[in-house]
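Note sheet for the following structure.
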Amino acid sequence: MTNRYSRQELFLGSKAQAKIKEASVIIIGAGALGSASAEMLARAGIGRLTIVDRDYVDLSNLQRQQLYTEEDVRNQLPKAIAAKTRLEQINSEIIINSFIQDVNGLNIEELIEDHSVIVDATDNFETSLIVNDAALKHRIPFLFGACVGSYGLTYPIIPGETPCLHCLLNHLPMDGMTCDTVGVISPIVQITAALQVTQVLQILSGETLFPMLQSMDIWKNEKAEINVTQLKNKLCPTCGEHPSYPFLLFENQMKTDVLCGRDAVQLRPGLKPKTYSLPYLLERLKNHVTNPVLNRYLLSCKFEDYRIVFFEDGRSIIHGTNEAKKARAVYKRFIQFY
Amino acid sequence: MSIILNGNNVDHQEGVNTVEQLLSHYHLENRIVVVEVNKEIVMKENYKTMSLSHGDVVEIIHFVGGG
Ligand SMILES: [Zn+2]
């Protein structure tokens with residue numbers, strides 16, 4: 001056996017390897033966890049890999065987001081694009097699709113359709129709950145993962161079997177979703193992603209996954225594991241007997257997200273997406289902005305006291321403020337030039 | 001009183017006698033957490049009344065947003 005997967009096949013068997021080749025995995029987010037998972041899954045030979053991410057590559061990402069390079073930073077490439085390019089260099093035998101999108105209740109179902117497994121690599125808990133709803137609705141296994149500082153946790157959600165993410169919250173406070181600004185070291189990213197990818201391989205190999213919530217702190221060398229079977233809630237709005245999938249309801253208005261620890265706010269127009277011509281926008285703005293960087297996917301420039309990164313669908317990341325209200329006002333002044 | 005918390009022996013000062021007090025000791029009172037004491041998950045409504053005893057095996061997992 002001399003094929004590229006020979007070592008893996010010796011361990012998992014040829015049946016599992018065939019399953020891996022037929023599988024399609026979607027990774028929600030291509031930051032640290034997403035980079036790590038995507039690289040392992042591409043090397044493992046997952047037949048079709050889908051990457052979704054809303055952000056672009058920034059210098060502060062390189063410390064832990066293994067798919068990206070200094071050149072990607074210079075070109076301010078969207079992560080979805082840079083990731084696809086790198087993954088295709090790693091494995092040209094698989095199909096890699098990528099989307100520059102902010103995952104929300106309206107687009108998630110279309111994104112996950114036809115995938116065998118969903119890997120969570122979002123940078124916020126709210127989005128994980130949206131993905132959880134869609135995963136349960138479409139009965140696709142969803143591997144939750146998150147990390148911050150030196151601490152990470154994972155939890156596999158198997159529709160019809162394990163409690164879902166929402167079940168774990170029902171007896172818990174809902175106001176703990178504040179963002180963490182304590183930084184992160186790369187080894188915890190690798191560990192968290194490794195656990196998630198192991199679960200992908202186990203699912204595809206036909207192994208049974210138990211509802212184990214797992215956490216570890218690599219700095220303190222501390223681990224915890226809780227079997228959460230007992231938290232399965234018959235009345236859960238996501239996986240109960242009469243699900244309503246509350247996180248799939250889309251607010252039909254401009255949405256603002258304060259991006260944790262980055263002094264930036266993301267704005268997403270709520271109504272039907274519109275495609276902007278970025279060269280045209282730059283032409284109109286040229287006397288009002290400095291240091292513009294224009295590529296096929298986004299326009300980045302300095303406007304007033306802010307740095308604005310504007311995507312063709314009207315989504316925008318405004319750097320230089322943590323206030324949603326201020327960001328909305330800047331966005332309005334910016335877009336009036338179009 | 002000493003308990004085994006996430007695999008480690010931990011001594012607590014007086015004043016940490018319930019699950020609620022343990023959570024606030026670690027500043028986890030406003031976080032989304034799952035708590036297990038001696039292999040039984042403790043429901044949130046019992047955090048106040050569930051008292052801890054010497055030698056209890058406690059696991060606490062809190063959720064974070066980040067990735
Ligand atoms: Zn549920």
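Each chain in the structure tokens gets a letter, A, B, ..., in the order shown, and its residues are numbered from 1; ligands are numbered from 1 in order too.
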Within 7 Å of ligand 1, which residues of chain A come that close, and what is the closest atom pair and distance in Å for each? Count only C-alpha atoms and all ligand atoms and give it as JSON lines.
```
{"residue": "A:Pro163", "atom": "CA", "partner": "ligand 1", "partner_atom_place_in_ligand_line": "1 (Zn)", "distance": 5.2}
{"residue": "A:Cys164", "atom": "CA", "partner": "ligand 1", "partner_atom_place_in_ligand_line": "1 (Zn)", "distance": 4.0}
{"residue": "A:Leu165", "atom": "CA", "partner": "ligand 1", "partner_atom_place_in_ligand_line": "1 (Zn)", "distance": 6.1}
{"residue": "A:His166", "atom": "CA", "partner": "ligand 1", "partner_atom_place_in_ligand_line": "1 (Zn)", "distance": 4.7}
{"residue": "A:Cys167", "atom": "CA", "partner": "ligand 1", "partner_atom_place_in_ligand_line": "1 (Zn)", "distance": 3.9}
{"residue": "A:Lys232", "atom": "CA", "partner": "ligand 1", "partner_atom_place_in_ligand_line": "1 (Zn)", "distance": 6.3}
{"residue": "A:Asn233", "atom": "CA", "partner": "ligand 1", "partner_atom_place_in_ligand_line": "1 (Zn)", "distance": 5.9}
{"residue": "A:Cys236", "atom": "CA", "partner": "ligand 1", "partner_atom_place_in_ligand_line": "1 (Zn)", "distance": 4.6}
{"residue": "A:Pro237", "atom": "CA", "partner": "ligand 1", "partner_atom_place_in_ligand_line": "1 (Zn)", "distance": 6.7}
{"residue": "A:Thr238", "atom": "CA", "partner": "ligand 1", "partner_atom_place_in_ligand_line": "1 (Zn)", "distance": 5.0}
{"residue": "A:Cys239", "atom": "CA", "partner": "ligand 1", "partner_atom_place_in_ligand_line": "1 (Zn)", "distance": 4.1}
{"residue": "A:Gly240", "atom": "CA", "partner": "ligand 1", "partner_atom_place_in_ligand_line": "1 (Zn)", "distance": 5.9}
```
For the selection just defined, write its residues with N, CA and C atoms to a file, as a CSV table (one decimal), in the first residue's frame.
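Saved result, selection_28.csv, follows:
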```
chain,number,residue,atom,x,y,z
A,163,PRO,N,-28.2,14.9,23.7
A,163,PRO,CA,-28.8,16.2,23.9
A,163,PRO,C,-28.1,17.2,23.0
A,164,CYS,N,-28.9,18.2,22.6
A,164,CYS,CA,-28.2,19.2,21.7
A,164,CYS,C,-27.6,20.3,22.5
A,165,LEU,N,-27.0,21.3,21.8
A,165,LEU,CA,-26.3,22.4,22.5
A,165,LEU,C,-27.4,23.2,23.3
A,166,HIS,N,-28.5,23.3,22.8
A,166,HIS,CA,-29.6,24.1,23.4
A,166,HIS,C,-30.0,23.4,24.7
A,167,CYS,N,-30.1,22.1,24.7
A,167,CYS,CA,-30.4,21.3,25.9
A,167,CYS,C,-29.5,21.6,27.1
A,232,LYS,N,-30.8,15.9,28.4
A,232,LYS,CA,-31.7,15.8,27.2
A,232,LYS,C,-33.1,16.3,27.6
A,233,ASN,N,-33.6,17.3,26.9
A,233,ASN,CA,-34.8,17.9,27.3
A,233,ASN,C,-35.9,17.7,26.2
A,236,CYS,N,-37.2,20.7,24.6
A,236,CYS,CA,-36.2,21.6,24.0
A,236,CYS,C,-36.7,22.2,22.7
A,237,PRO,N,-36.6,23.5,22.5
A,237,PRO,CA,-37.1,24.2,21.3
A,237,PRO,C,-36.3,23.8,20.0
A,238,THR,N,-35.2,23.1,20.2
A,238,THR,CA,-34.4,22.7,19.1
A,238,THR,C,-34.5,21.2,18.8
A,239,CYS,N,-34.4,20.4,19.8
A,239,CYS,CA,-34.4,18.9,19.6
A,239,CYS,C,-35.5,18.2,20.3
A,240,GLY,N,-36.5,18.9,20.9
A,240,GLY,CA,-37.6,18.3,21.6
A,240,GLY,C,-38.6,17.8,20.6
```
Identify, on the basis of only C-alpha atoms, every residue whose closest approach to Glu22 of chain A does not exceed 10 Å; exclude the query and any residue fewer than 4 positions from it along the same chain; express the result as a PyMOL selection string.
chain A and resi 16-18+45-48+116+204
Using only all heavy atoms, please write the residues we just selected to a file, as a tab-separated table (two decimals), in the first residue's frame.
```
chain	number	residue	atom	x	y	z
A	16	ALA	N	-13.49	2.38	6.19
A	16	ALA	CA	-13.58	3.73	6.75
A	16	ALA	C	-12.95	4.73	5.79
A	16	ALA	O	-13.46	5.84	5.58
A	16	ALA	CB	-12.92	3.80	8.11
A	17	GLN	N	-11.82	4.35	5.19
A	17	GLN	CA	-11.16	5.26	4.25
A	17	GLN	C	-12.08	5.58	3.06
A	17	GLN	O	-12.14	6.72	2.61
A	17	GLN	CB	-9.84	4.65	3.76
A	17	GLN	CG	-9.00	5.61	2.93
A	17	GLN	CD	-8.58	6.86	3.72
A	17	GLN	OE1	-8.08	6.77	4.83
A	17	GLN	NE2	-8.82	8.04	3.14
A	18	ALA	N	-12.82	4.58	2.61
A	18	ALA	CA	-13.76	4.80	1.51
A	18	ALA	C	-14.87	5.77	1.94
A	18	ALA	O	-15.29	6.65	1.20
A	18	ALA	CB	-14.36	3.48	1.05
A	45	GLY	N	-8.29	13.34	3.55
A	45	GLY	CA	-8.92	12.94	2.30
A	45	GLY	C	-10.44	12.99	2.29
A	45	GLY	O	-11.08	12.28	1.50
A	46	ILE	N	-11.01	13.86	3.12
A	46	ILE	CA	-12.46	14.08	3.08
A	46	ILE	C	-12.81	14.51	1.65
A	46	ILE	O	-12.25	15.47	1.13
A	46	ILE	CB	-12.86	15.20	4.06
A	46	ILE	CG1	-12.55	14.81	5.50
A	46	ILE	CG2	-14.33	15.59	3.88
A	46	ILE	CD1	-13.42	13.74	6.10
A	47	GLY	N	-13.74	13.81	1.01
A	47	GLY	CA	-14.02	14.03	-0.41
A	47	GLY	C	-14.41	15.45	-0.77
A	47	GLY	O	-13.98	15.98	-1.79
A	48	ARG	N	-15.24	16.04	0.06
A	48	ARG	CA	-15.68	17.41	-0.23
A	48	ARG	C	-15.67	18.20	1.07
A	48	ARG	O	-16.28	17.81	2.06
A	48	ARG	CB	-17.10	17.39	-0.82
A	48	ARG	CG	-17.60	18.73	-1.30
A	48	ARG	CD	-18.80	18.56	-2.25
A	48	ARG	NE	-19.90	17.88	-1.58
A	48	ARG	CZ	-20.92	18.54	-1.00
A	48	ARG	NH1	-20.97	19.85	-1.02
A	48	ARG	NH2	-21.90	17.85	-0.42
A	116	SER	N	-22.23	15.63	5.37
A	116	SER	CA	-22.37	14.51	6.30
A	116	SER	C	-22.06	14.91	7.74
A	116	SER	O	-22.57	14.29	8.67
A	116	SER	CB	-21.47	13.33	5.90
A	116	SER	OG	-20.61	13.63	4.84
A	204	LEU	N	-17.41	8.88	10.82
A	204	LEU	CA	-17.31	8.30	9.47
A	204	LEU	C	-16.89	6.83	9.53
A	204	LEU	O	-17.16	6.07	8.60
A	204	LEU	CB	-16.34	9.12	8.61
A	204	LEU	CG	-16.79	10.56	8.34
A	204	LEU	CD1	-15.71	11.31	7.58
A	204	LEU	CD2	-18.12	10.61	7.60
```
Name the residues in contact with Thr290 of chain A at a cut-off of 7 Å, using only C-alpha atoms, excluding same-chain residues fewer than 6 positions from it; report them as a list of chain:residue names.
A:Cys301, A:Lys302, A:Phe303
Who sits within 8 Å of Ile28 of chain A, only C-alpha atoms, same chain under 3 positions skipped, as a list of chain:residue names
A:Gly34, A:Ile51, A:Val52, A:Asp53, A:Val103, A:Ile118, A:Val119, A:Asp120, A:Ala121, A:Thr122
Taking only C-alpha atoms into account, name the residue in B:Thr49, B:Asn38, B:Ser24, B:Asn8 that is nearest to chain A.
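Among the listed residues, the smallest separation from chain A belongs to B:Asn8.
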For Asn9 of chain B, the nearest of the candidates B:Ile61, B:His27, B:Gly55, B:Lys44, counting only C-alpha atoms
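The closest residue to Asn9 of chain B is B:Gly55.
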Which of these, A:Ile218, A:Val289, A:Leu235, A:Leu33, has the shortest distance to chain B once you count only C-alpha atoms?
A:Leu33
Could you list, with a cut-off of 8 Å and counting only C-alpha atoms, the residues of chain B near chain A, each shown with its nearest atom pair and the distance in Å rounded to one decimal, rows sorted by chain and ascending number, as a tab-separated table?
```
residue	atom	partner	partner_atom	distance
B:Asn6	CA	A:Ala224	CA	5.0
B:Gly7	CA	A:Lys223	CA	6.7
B:Asn8	CA	A:Glu222	CA	7.5
B:Asn30	CA	A:Gly176	CA	5.2
B:Arg31	CA	A:Gly176	CA	4.1
B:Ile32	CA	A:Gly176	CA	5.4
B:Val33	CA	A:Leu172	CA	6.7
B:Val34	CA	A:Leu168	CA	7.5
B:Glu36	CA	A:Ile226	CA	6.9
B:Lys39	CA	A:Ile226	CA	7.8
B:Ile41	CA	A:Gln230	CA	7.5
B:Met43	CA	A:His171	CA	6.4
B:Lys44	CA	A:His171	CA	5.6
B:Glu45	CA	A:His171	CA	7.8
B:Glu59	CA	A:Ala224	CA	5.9
B:Ile60	CA	A:Ala224	CA	7.0
B:Ile61	CA	A:Ser215	CA	6.3
B:Phe63	CA	A:Leu153	CA	7.4
B:Val64	CA	A:Ala146	CA	6.3
B:Gly65	CA	A:Asn124	CA	4.4
B:Gly66	CA	A:Asp123	CA	4.0
B:Gly67	CA	A:Asp123	CA	4.5
```
Dump N, CA, C and O atoms for the selected residues as an mmCIF file, in the first residue's frame?
```
data_model
loop_
_atom_site.group_PDB
_atom_site.id
_atom_site.type_symbol
_atom_site.label_atom_id
_atom_site.label_comp_id
_atom_site.auth_asym_id
_atom_site.auth_seq_id
_atom_site.Cartn_x
_atom_site.Cartn_y
_atom_site.Cartn_z
ATOM 1 N N ASN B 6 -12.083 19.032 38.858
ATOM 2 C CA ASN B 6 -11.504 18.751 37.546
ATOM 3 C C ASN B 6 -10.191 17.969 37.674
ATOM 4 O O ASN B 6 -9.198 18.268 37.024
ATOM 5 N N GLY B 7 -10.230 16.986 38.553
ATOM 6 C CA GLY B 7 -9.101 16.075 38.686
ATOM 7 C C GLY B 7 -8.034 16.496 39.672
ATOM 8 O O GLY B 7 -7.142 15.720 39.973
ATOM 9 N N ASN B 8 -8.106 17.737 40.147
ATOM 10 C CA ASN B 8 -7.076 18.202 41.083
ATOM 11 C C ASN B 8 -7.631 18.372 42.493
ATOM 12 O O ASN B 8 -8.766 18.807 42.671
ATOM 13 N N ASN B 30 -21.902 33.893 36.251
ATOM 14 C CA ASN B 30 -22.697 34.371 35.111
ATOM 15 C C ASN B 30 -22.378 33.628 33.823
ATOM 16 O O ASN B 30 -22.767 34.047 32.742
ATOM 17 N N ARG B 31 -21.639 32.563 33.936
ATOM 18 C CA ARG B 31 -21.252 31.832 32.733
ATOM 19 C C ARG B 31 -22.217 30.672 32.504
ATOM 20 O O ARG B 31 -22.935 30.248 33.404
ATOM 21 N N ILE B 32 -22.178 30.188 31.278
ATOM 22 C CA ILE B 32 -22.940 28.981 30.981
ATOM 23 C C ILE B 32 -22.063 27.812 31.418
ATOM 24 O O ILE B 32 -20.946 27.652 30.924
ATOM 25 N N VAL B 33 -22.550 27.046 32.370
ATOM 26 C CA VAL B 33 -21.736 25.964 32.929
ATOM 27 C C VAL B 33 -22.552 24.684 33.068
ATOM 28 O O VAL B 33 -23.768 24.715 33.133
ATOM 29 N N VAL B 34 -21.835 23.581 33.100
ATOM 30 C CA VAL B 34 -22.427 22.312 33.513
ATOM 31 C C VAL B 34 -21.602 21.848 34.708
ATOM 32 O O VAL B 34 -20.371 21.867 34.662
ATOM 33 N N GLU B 36 -21.028 18.892 37.726
ATOM 34 C CA GLU B 36 -21.296 17.519 38.139
ATOM 35 C C GLU B 36 -20.647 17.301 39.507
ATOM 36 O O GLU B 36 -19.503 17.687 39.714
ATOM 37 N N LYS B 39 -20.457 12.447 39.955
ATOM 38 C CA LYS B 39 -21.044 11.829 38.754
ATOM 39 C C LYS B 39 -22.520 12.155 38.510
ATOM 40 O O LYS B 39 -23.150 11.561 37.629
ATOM 41 N N ILE B 41 -25.147 15.279 37.544
ATOM 42 C CA ILE B 41 -25.235 16.677 37.136
ATOM 43 C C ILE B 41 -26.142 17.435 38.107
ATOM 44 O O ILE B 41 -27.190 16.929 38.519
ATOM 45 N N MET B 43 -28.607 20.438 38.710
ATOM 46 C CA MET B 43 -29.432 21.392 37.982
ATOM 47 C C MET B 43 -29.269 22.785 38.590
ATOM 48 O O MET B 43 -29.066 22.919 39.796
ATOM 49 N N LYS B 44 -29.437 23.786 37.744
ATOM 50 C CA LYS B 44 -29.176 25.157 38.161
ATOM 51 C C LYS B 44 -29.993 25.565 39.388
ATOM 52 O O LYS B 44 -29.490 26.254 40.280
ATOM 53 N N GLU B 45 -31.258 25.108 39.422
ATOM 54 C CA GLU B 45 -32.107 25.510 40.556
ATOM 55 C C GLU B 45 -31.598 24.942 41.891
ATOM 56 O O GLU B 45 -32.013 25.385 42.950
ATOM 57 N N GLU B 59 -16.825 18.208 38.841
ATOM 58 C CA GLU B 59 -16.363 18.615 37.512
ATOM 59 C C GLU B 59 -17.155 19.864 37.137
ATOM 60 O O GLU B 59 -18.379 19.899 37.271
ATOM 61 N N ILE B 60 -16.462 20.867 36.666
ATOM 62 C CA ILE B 60 -17.141 22.076 36.181
ATOM 63 C C ILE B 60 -16.638 22.353 34.777
ATOM 64 O O ILE B 60 -15.430 22.441 34.550
ATOM 65 N N ILE B 61 -17.564 22.466 33.857
ATOM 66 C CA ILE B 61 -17.178 22.852 32.492
ATOM 67 C C ILE B 61 -17.953 24.110 32.134
ATOM 68 O O ILE B 61 -19.176 24.139 32.236
ATOM 69 N N PHE B 63 -18.746 27.254 29.284
ATOM 70 C CA PHE B 63 -18.701 27.533 27.854
ATOM 71 C C PHE B 63 -17.993 28.850 27.595
ATOM 72 O O PHE B 63 -18.088 29.783 28.381
ATOM 73 N N VAL B 64 -17.296 28.889 26.494
ATOM 74 C CA VAL B 64 -16.658 30.129 26.053
ATOM 75 C C VAL B 64 -17.042 30.352 24.589
ATOM 76 O O VAL B 64 -17.510 29.430 23.916
ATOM 77 N N GLY B 65 -16.869 31.563 24.138
ATOM 78 C CA GLY B 65 -17.075 31.848 22.720
ATOM 79 C C GLY B 65 -15.724 32.214 22.169
ATOM 80 O O GLY B 65 -15.109 33.166 22.607
ATOM 81 N N GLY B 66 -15.235 31.448 21.228
ATOM 82 C CA GLY B 66 -13.924 31.773 20.662
ATOM 83 C C GLY B 66 -13.452 30.609 19.847
ATOM 84 O O GLY B 66 -13.790 29.457 20.132
ATOM 85 N N GLY B 67 -12.723 30.928 18.802
ATOM 86 C CA GLY B 67 -12.273 29.825 17.983
ATOM 87 C C GLY B 67 -11.471 30.317 16.815
ATOM 88 O O GLY B 67 -10.971 29.551 16.030
#
```
When distances are computed from only C-alpha atoms, which of B:Thr18, B:His54, B:Met1, B:His12 shows the smallest separation from Val35 of chain B?
B:Thr18
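A straight line drawn from atom CA of Arg307 of chain A to atom CA of Glu70 of chain A is 19.7 Å long.
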